[in-house]
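Below is one structure; the comments refer to it alone.
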Amino acid sequence: MEYNFNEIEARWQKAWREQGVYRTEESAGRPHYYVLDMFPYPSGAGLHVGHPLGYIASDIYSRYKRLRGYNVLHPMGYDAYGLPAEQYAIQTGQHPAVTTEQNIRRYREQLDKIGFSFDWSREVRTCDPQYYKWTQWTFIQLFNHYYDNELQKARPISELVSKLERGVVQPEGGKAWAGMSEGEREDYLMGHRLAYLADIPVNWCAELGTVLANDEVVGGLSVRGGYPVERKLMRQWSLRITAYAQRLVDGLEQVEWTDSLKEIQRNWIGRSEGAAVWFPVSDALKFEIFTTRPDTIFGVTFMVLCPEHELITEITTPDRKAEVEAYVAWAKNRSERERQAEVKKVSGVFTGAYAFNPLTEEKIPIWVSEYVLAGYGTGAIMAVPAHDSRDFAFARHFGLPIRQVVAPERDAVSDPATWQESLDSKSGYSVNSGFVSGMKVKEAMAAVIAKIEEMGIGHRTVNYRLRDAIFSRQRYWGEPFPVYYKEGRPRMLPEECLPLELPEVSDFKPTATGEPPLGHAQKWAWDEASRCVVETSKIDHKTVFPLELSTMPGFAGSSGYYLRYMDPGNEKEYFSQQAVQYWQNVDLYVGGAEHGTGHLIYARFWNKFLFDLGLAAKDEPFQKLINQGMIQGRSNFVYRSKQDNNLYISKGLVKNMEEVTAIHVDINIVDNDVLDLEKFKAWRPEFAEARFELEDGKYVCGWEIEKMSKSMYNVQNPDDLVARYGADTLRLYEMFLGPVEQAKPWDTGGIEGVHRFLKKLWKLYDNYLNNLSGQSDLSNLNNRSNQSNPGKEEMKVLHQTIKKITDDIERFSFNTSVSTFMICCNQLTDLKCASSEVLKPLLVLLSPFAPHIAEELWHRMGEGDTVCRAQWPECEAQYLVEDTVKYPVQFNGKMRFTLDLPAAATQEEAVAAVLGAPESAKWLGGKEPRKVIFVPKKIINIVC
RNA sequence: GCGGACAUGGCGUAAUCGGUAGCCGCGCCAGACUUAGGAUCUGGUUCCGAAAGGAGUGGGGGUUCGAGUCCCCCUGUCCGCACCA
């Protein structure tokens with residue numbers, strides 16, 4: 001019988017779906033395991049072969065764990081809110097809900113064809129009101145909580161209020177709680193809520209009409225679309241993720257992620273230890289700076305404020321005023337891109353004012369420069385040009401003094417005027433530094449901190465590079481905020497009124513007045529009395545109030561989705577305690593490393609907050625994480641002659657690339673770099689009249705590795721491959737390509753080999769089944785092996801395979817597993833294996849990788865139940881032991897002969913065998929060997 | 001500039017503990033069966049050499065009886081961050 005993969009795969013996919021084979025229920029007593037994929041954004045382009053790479057790997061592991069007796073949760077869903085659907089809507093007027101629904105259907109079809117074991121009854125979509133109800137609910141909780149630095153966890157804001165009322169806590173601003181007005185109190189609390197509204201400098205992208213989070217901006221351009229981004233002060237919702245900075249750093253110790261990804265997160269959080277120091281300007285005025293090098297305080301020769309610093313207008317002397325104002329205005333108008341492009345250009349202006357160094361009592365000039373950032377530390381620095389490269393460049397540019405206070409060796413002082421660069425190293429000794437002179441840098445740091453703490457002018461502190469996450473987007477296609485505005489202040493909707501559903505709008509573009517698209521909504525106002533959404537026209541600011549017009553960003557919906565999978569149908573809670581106590585957290589998370597500074601930080605923060613609320617079971621959401629490598633595209637080119645615009649020259653005949661134009665050609669009309677001429681002519685009208693210069697009768701295309709993208713015609717669609725080779729071949733081939741974690745170009749060159757293996761495997765089983773029914777040549781049967789009595793050789797092959805496959809899966813080395821199967825199949829074919837005791841367990845081993853063919857053969861072998869519910873075979877050690885092993889015997893590292901020894905030979909037996917061998921005599925010459933290195937089953941090494 | 005990862009045949013890769021480097025597959029070469037082959041099967045395929053033999057895991061050095069693997073330096077590629085005080 002032929003291996004008819006299309007028929008087999010369709011039939012089993014249907015059967016699995018109808019029987020609910022992959023349904024998962026909580027079941028006490030069974031060990032549980034949660035395998036999660038990063039859910040996809042359903043884009044209009046559909047899946048390409050890069051998407052399933054991680055899904056196949058996680059599917060293999062899920063199926064393996066199930067066969068091992070685990071109750072496995074392996075869900076899938078859609079990250080369905082996002083910019084592309086909305087931009088498509090703006091262009092075509094199609095409602096994002098409609099296009100999203102279409103895309104989801106297409107994704108689902110494509111996913112189904114690959115034979116994944118997802119429990120689709122648990123599907124979540126971030127744009128489903130029953131899902132985003134809980135995104136909104138979490139936002140309200142964030143608003144109603146603050147971070148208690150003593151307890152190191154989130155607590156209800158009412159507790160803070162109570163502490164303030166009892167005087168246990170004093171407001172930082174100086175003004176007492178009791179003396180505050182209602183408004184002042186609300187402002188104060190807003191400064192502590194974990195979700196808060198504030199005027200903050202944001203990344204504003206005019207082209208997209210929205211603000212963006214830091215991880216959505218790269219090099220001053222938006223990640224999506226690559227449009228310019230500028231800094232702008234806007235009133236925005238933010239999440240106080242910085243409150244969790246320390247826990248986000250600490251938590252990395254507990255999880256099994258790659259070192260590189262942990263390092264990416266540590267860098268992003270950017271923890272640095274140092275000191276905060278107050279520098280007085282006058283008796284009434286002082287300002288705070290942050291430094292990681294308190295030991296260099298004796299080397300301060302000027303101070304620098306960022307252009308946004310509030311003190312600038314107060315301290316600037318009248319004669320400098322015009323110049324300073326001009327500089328500040330210039331700096332503020334510069335785009336983010338200009339700033340970043342001109343990082344090396346030094347600019348700045350002197351304010352005319354001076355600060356006093358509290359340790360040296362010197363008068364130090366105060367400057368303003370954009371190299372000091374408003375968003376980090378206090379937006380003000382003490383400049384130590386001798387030991388900081390940026391301060392050094394600034395000092396050189398403006399001719400400011402440079403004073404050495406650290407020397408690489410004790411008293412190795414030189415004239416800084418001769419220096420080419422600053423001495424930034426922390427190894428060395430303090431010099432010219434008063435009471436710390438002569439100390440090592442580390443000791444000097446501690447001593448200076450102790451001194452300033454004693455003087456009450458500063459303290460040890462920690463700073464983070466991480467910024468609070470801006471949570472407002474001026475977009476339509478996102479979760480609405482459960483917020484309305486009363487007397488100019490935000491109010492949360494009552495929890496019972498959730499979800500607050502996204503309203504219909506007439507236009508997805510921002511309004512003429514610059515309001516977000518929700519400004520177009522006819523019905524977008526909150527009636528406090530009837531507690532429902534009413535027409536916008538009814539807003540009277542007495543009983544009917546305006547609702548928030550911005551929506552939540554993409555990371556809102558993806559921050560807690562893994563928890564919702566545990567209990568997706570729950571209408572009363574985000575997820576039940578019963579479910580979360582059973583599943584705990586994600587055991588294995590598979591996805592791309594590009595989410596390292598976005599989703600993976602936000603989700604950890606979200607989870608930690610829910611953990612503080614007593615909802616999440618674990619502090620960290622993702623125990624083990626595997627980053628699948630990106631699959632790049634392999635583009636093909638044709639070469640058009642520059643002389644003759646209809647002449648296309650085969651690659652080998654192109655003598656000079658100057659004479660031709662390389663044109664991207666659709667990889668679907670190219671096979672093994674050979675162009676299909678007829679399909680090429682039919683591809684696009686301009687090629688209809690094409691003529692070719694062929695080599696050996698073929699047109700050979702050029703190729704290059706590029707990003708997989710529509711515009712380069714190099715997108716490999718999995719459906720075509722499934723139709724041509726079957727899902728099992730695709731699954732095996734994607735794994736065979738190389739380690740899951742590694743980035744690699746997509747190349748169909750080797751897919752035939754994998755497909756050939758499945759055909760051989762099919763034949764192996766087909767022969768066995770034919771022999772059973774006596775339809776074929778019985779001489780194929782091996783004497784040593786029949787159905788009830790497998791030969792020892794076959795058992796050896798089987799058990800070696802069990803061991804290898806089990807080890808491979810445990811360490812996620814799926815590419816080597818595929819090789820192992822090929823070897824096993826070849827060996828069993830050579831042995832003419834005809835024993836169900838060997839062939840059946842092999843199908844169980846194969847089923848995580850190639851579930852359809854395994855299932856089909858499993859049934860043909862007479863099994864009733866699905867192979868998915870079989871038991872993973874145990875490896876029996878007796879079959880792994882070789883009777884004898886050939887040992888290469890080496891003298892002084894040079895191999896001279898081999899010896900047959902029992903596999904279980906000991907050191908003594910090995911030595912005796914070597915000494916007894918006639919070959920030894922000439923090397924040892926009767927002497928005892930100096931040393932014998934014996935590696936069981938591998939090698940005997942003799943040192944003479 | 002800072003941080004991280006990687007470097008093995010013509011290609012994708014393997015070598016799990018420091019122990020015969022190159023498994024498996026692609027490609028290529030030769031052969032078999034065929035009217036035919038983009039089907040199937042068999043054998044070969046790191047490089048140099050007719051062979052014997054020699055060289056060999058980006059380059060240089062070190063540790064070791066023994067290094068693709070460990071340490072130091074260099075080169076190259078990829079990724080992350082980037083005026084973060």
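Note on naming: chains are A, B, ... as they come in the structure tokens, residues start from 1 per chain, ligands start from 1 in the order shown.
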For this session: Counting only C-alpha atoms (C1' of nucleotides), collect the residues of chain B whose closest atom lies at most 8 Å from chain A, and write them out as a PyMOL selection string.
Result: chain B and resi 3-5+12-14+19-20+24-26+65-66+80-81+83-85
Please produce a file of the residues just selected, as a CSV table (one decimal), in the first residue's frame, where the atoms kept are N, CA, C and O atoms (P, O5', C5', C4', C3', O3' and C1' of nucleotides).
chain,number,residue,atom,x,y,z
B,3,G,P,32.0,44.8,28.6
B,3,G,O5',30.7,44.0,28.5
B,3,G,C5',29.8,43.9,29.6
B,3,G,C4',28.5,43.3,29.2
B,3,G,C3',28.6,42.0,28.5
B,3,G,O3',28.8,40.9,29.4
B,3,G,C1',27.1,43.3,27.3
B,4,G,P,29.7,39.6,28.9
B,4,G,O5',28.6,38.8,28.0
B,4,G,C5',27.4,38.3,28.6
B,4,G,C4',26.5,37.8,27.5
B,4,G,C3',27.0,36.7,26.6
B,4,G,O3',27.0,35.5,27.2
B,4,G,C1',26.0,38.4,25.3
B,5,A,P,28.1,34.3,26.8
B,5,A,O5',27.5,33.9,25.4
B,5,A,C5',26.3,33.1,25.3
B,5,A,C4',25.9,33.0,23.8
B,5,A,C3',26.9,32.3,22.9
B,5,A,O3',26.7,30.9,23.0
B,5,A,C1',26.3,34.3,21.8
B,12,G,P,26.2,25.6,6.2
B,12,G,O5',25.0,24.7,6.7
B,12,G,C5',23.7,25.2,6.4
B,12,G,C4',22.7,24.2,7.0
B,12,G,C3',22.9,23.8,8.4
B,12,G,O3',22.5,24.8,9.4
B,12,G,C1',22.4,21.9,7.1
B,13,U,P,23.2,24.9,10.8
B,13,U,O5',22.8,23.5,11.4
B,13,U,C5',23.6,22.8,12.4
B,13,U,C4',23.4,21.3,12.2
B,13,U,C3',24.1,20.5,13.3
B,13,U,O3',23.3,20.4,14.4
B,13,U,C1',24.6,19.6,11.1
B,14,A,P,23.9,20.3,15.9
B,14,A,O5',24.6,18.8,15.8
B,14,A,C5',23.8,17.7,15.8
B,14,A,C4',24.6,16.4,15.8
B,14,A,C3',25.5,16.3,17.0
B,14,A,O3',24.8,16.0,18.2
B,14,A,C1',26.5,15.5,15.0
B,19,G,P,35.2,13.6,26.2
B,19,G,O5',36.1,12.5,25.4
B,19,G,C5',36.8,12.9,24.3
B,19,G,C4',37.7,11.7,23.8
B,19,G,C3',36.9,10.4,23.7
B,19,G,O3',37.5,9.7,22.6
B,19,G,C1',38.6,10.1,25.2
B,20,U,P,36.9,9.7,21.1
B,20,U,O5',37.9,8.6,20.4
B,20,U,C5',39.3,8.9,20.3
B,20,U,C4',39.7,8.5,18.9
B,20,U,C3',39.0,9.2,17.8
B,20,U,O3',39.8,9.5,16.7
B,20,U,C1',38.8,6.9,17.6
B,24,C,P,25.5,7.6,9.1
B,24,C,O5',24.2,8.5,9.2
B,24,C,C5',23.1,8.1,9.9
B,24,C,C4',22.1,9.3,9.9
B,24,C,C3',21.8,9.8,8.5
B,24,C,O3',20.9,9.0,7.8
B,24,C,C1',22.1,11.6,10.0
B,25,G,P,21.0,8.9,6.2
B,25,G,O5',20.6,10.4,5.7
B,25,G,C5',19.3,10.8,5.8
B,25,G,C4',19.2,12.3,5.5
B,25,G,C3',19.7,12.7,4.2
B,25,G,O3',18.8,12.4,3.1
B,25,G,C1',20.5,14.2,5.8
B,26,C,P,19.3,12.3,1.6
B,26,C,O5',19.6,13.8,1.2
B,26,C,C5',18.6,14.8,1.1
B,26,C,C4',19.2,16.1,0.9
B,26,C,C3',20.0,16.2,-0.4
B,26,C,O3',19.2,16.4,-1.6
B,26,C,C1',21.2,17.3,1.3
B,65,C,P,50.2,15.1,31.8
B,65,C,O5',50.0,14.2,30.4
B,65,C,C5',51.1,13.7,29.8
B,65,C,C4',50.7,12.7,28.7
B,65,C,C3',49.6,13.3,27.8
B,65,C,O3',50.2,14.1,26.8
B,65,C,C1',48.9,11.2,28.5
B,66,G,P,49.6,15.4,26.3
B,66,G,O5',48.2,15.0,25.8
B,66,G,C5',48.1,14.3,24.5
B,66,G,C4',46.7,13.9,24.2
B,66,G,C3',45.7,15.0,24.2
B,66,G,O3',45.7,15.6,22.9
B,66,G,C1',44.8,13.2,25.4
B,80,G,P,18.6,42.7,17.8
B,80,G,O5',18.9,43.0,19.4
B,80,G,C5',18.1,42.4,20.4
B,80,G,C4',18.7,42.7,21.7
B,80,G,C3',18.9,44.1,22.1
B,80,G,O3',17.7,44.7,22.4
B,80,G,C1',20.8,43.0,22.6
B,81,C,P,17.4,46.3,22.0
B,81,C,O5',18.4,47.1,23.0
B,81,C,C5',18.2,47.0,24.4
B,81,C,C4',19.4,47.7,25.1
B,81,C,C3',19.6,49.1,24.7
B,81,C,O3',18.7,50.1,25.2
B,81,C,C1',21.7,47.9,24.8
B,83,C,P,21.7,56.9,24.4
B,83,C,O5',22.6,57.5,25.5
B,83,C,C5',23.7,56.8,25.9
B,83,C,C4',24.8,57.7,26.5
B,83,C,C3',24.4,58.3,27.8
B,83,C,O3',25.5,58.3,28.7
B,83,C,C1',25.0,60.0,26.3
B,84,C,P,25.8,56.9,29.4
B,84,C,O5',24.6,56.6,30.4
B,84,C,C5',24.5,57.4,31.6
B,84,C,C4',23.6,56.7,32.6
B,84,C,C3',23.9,55.2,32.7
B,84,C,O3',23.6,54.8,34.0
B,84,C,C1',21.7,55.5,32.0
B,85,A,P,24.8,54.2,34.8
B,85,A,O5',25.8,55.4,35.1
B,85,A,C5',25.7,56.1,36.3
B,85,A,C4',26.5,57.3,36.2
B,85,A,C3',26.4,58.3,37.4
B,85,A,O3',27.2,58.0,38.5
B,85,A,C1',26.1,59.5,35.3
Exercise. Could you name the residues that touch G31 (chain B) at 12 Å or less, counting only C-alpha atoms (C1' of nucleotides), but leaving out those on the same chain fewer than 4 positions away, as a ChimeraX atom specification?
Worked result: /B:41-44
For this session: Please give the complete set of residues from region 579-756 of chain A that DSSP, run on the backbone, assigns to alpha helix (DSSP H), formatted as a ChimeraX atom specification.
Result: /A:579-583,599-612,677-683,718-725,727-736,751-756
Restrict the selected residues to C-alpha atoms and save them as a PDB file, in the first residue's frame.
ATOM      1  CA  ALA A 579      -7.371  25.926  38.674  1.00  0.00           C
ATOM      2  CA  VAL A 580      -4.357  28.040  39.508  1.00  0.00           C
ATOM      3  CA  GLN A 581      -3.439  25.959  42.533  1.00  0.00           C
ATOM      4  CA  TYR A 582      -3.534  22.905  40.293  1.00  0.00           C
ATOM      5  CA  TRP A 583      -1.501  24.259  37.347  1.00  0.00           C
ATOM      6  CA  HIS A 599       6.123  41.047  26.757  1.00  0.00           C
ATOM      7  CA  LEU A 600       8.440  38.974  28.956  1.00  0.00           C
ATOM      8  CA  ILE A 601       9.013  41.917  31.330  1.00  0.00           C
ATOM      9  CA  TYR A 602       5.404  43.096  31.368  1.00  0.00           C
ATOM     10  CA  ALA A 603       4.051  39.572  31.919  1.00  0.00           C
ATOM     11  CA  ARG A 604       6.435  39.016  34.829  1.00  0.00           C
ATOM     12  CA  PHE A 605       5.323  42.316  36.354  1.00  0.00           C
ATOM     13  CA  TRP A 606       1.625  41.515  35.818  1.00  0.00           C
ATOM     14  CA  ASN A 607       2.084  38.091  37.371  1.00  0.00           C
ATOM     15  CA  LYS A 608       3.975  39.450  40.379  1.00  0.00           C
ATOM     16  CA  PHE A 609       1.177  41.916  41.009  1.00  0.00           C
ATOM     17  CA  LEU A 610      -1.450  39.151  40.825  1.00  0.00           C
ATOM     18  CA  PHE A 611       0.777  37.095  43.109  1.00  0.00           C
ATOM     19  CA  ASP A 612       0.783  39.937  45.637  1.00  0.00           C
ATOM     20  CA  LEU A 677      10.172  28.961 -17.245  1.00  0.00           C
ATOM     21  CA  GLU A 678       6.468  28.627 -18.038  1.00  0.00           C
ATOM     22  CA  LYS A 679       5.378  29.656 -14.547  1.00  0.00           C
ATOM     23  CA  PHE A 680       7.811  32.560 -14.708  1.00  0.00           C
ATOM     24  CA  LYS A 681       6.270  33.850 -17.943  1.00  0.00           C
ATOM     25  CA  ALA A 682       2.822  33.543 -16.444  1.00  0.00           C
ATOM     26  CA  TRP A 683       3.854  35.077 -13.097  1.00  0.00           C
ATOM     27  CA  PRO A 718       3.494  25.753   5.198  1.00  0.00           C
ATOM     28  CA  ASP A 719       0.290  24.709   3.398  1.00  0.00           C
ATOM     29  CA  ASP A 720       2.079  24.102   0.098  1.00  0.00           C
ATOM     30  CA  LEU A 721       4.586  21.841   1.802  1.00  0.00           C
ATOM     31  CA  VAL A 722       1.870  20.015   3.714  1.00  0.00           C
ATOM     32  CA  ALA A 723       0.016  19.395   0.464  1.00  0.00           C
ATOM     33  CA  ARG A 724       3.139  18.132  -1.258  1.00  0.00           C
ATOM     34  CA  TYR A 725       4.828  16.116   1.503  1.00  0.00           C
ATOM     35  CA  ALA A 727       2.314  17.453   7.853  1.00  0.00           C
ATOM     36  CA  ASP A 728       4.475  14.738   9.363  1.00  0.00           C
ATOM     37  CA  THR A 729       7.259  15.452   6.870  1.00  0.00           C
ATOM     38  CA  LEU A 730       6.987  19.180   7.551  1.00  0.00           C
ATOM     39  CA  ARG A 731       7.134  18.592  11.318  1.00  0.00           C
ATOM     40  CA  LEU A 732      10.134  16.308  11.077  1.00  0.00           C
ATOM     41  CA  TYR A 733      11.889  18.526   8.595  1.00  0.00           C
ATOM     42  CA  GLU A 734      11.507  21.705  10.648  1.00  0.00           C
ATOM     43  CA  MET A 735      13.056  19.855  13.560  1.00  0.00           C
ATOM     44  CA  PHE A 736      15.748  18.240  11.407  1.00  0.00           C
ATOM     45  CA  ILE A 751      13.034  17.895   2.822  1.00  0.00           C
ATOM     46  CA  GLU A 752      13.146  14.969   0.350  1.00  0.00           C
ATOM     47  CA  GLY A 753      15.436  13.046   2.685  1.00  0.00           C
ATOM     48  CA  VAL A 754      13.010  13.326   5.574  1.00  0.00           C
ATOM     49  CA  HIS A 755      10.085  12.426   3.350  1.00  0.00           C
ATOM     50  CA  ARG A 756      12.025   9.400   2.055  1.00  0.00           C
TER      51      ARG A 756
END
Problem set entry | For U77 (chain B): contacts at 12 Å, only C-alpha atoms (C1' of nucleotides), fewer than 3 positions along chain excluded, given as a list in words | A5, C6, A7 and G58 of chain B
Problem set entry | Spatial neighbours of Pro510 (chain A), max dist 12 Å, only C-alpha atoms (C1' of nucleotides), sep filter under 5 positions, as a PyMOL selection string | chain A and resi 86-87+90+206-210+473-476+505+515-521+549-550
Problem set entry | Residue list (strand (DSSP E or B), DSSP) for region 217-419 of chain A, as a PyMOL selection string | chain A and resi 217-218+221-222+228+230-239+256+272-280+286-291+302-305+349-356+363-368+380-383+406-407
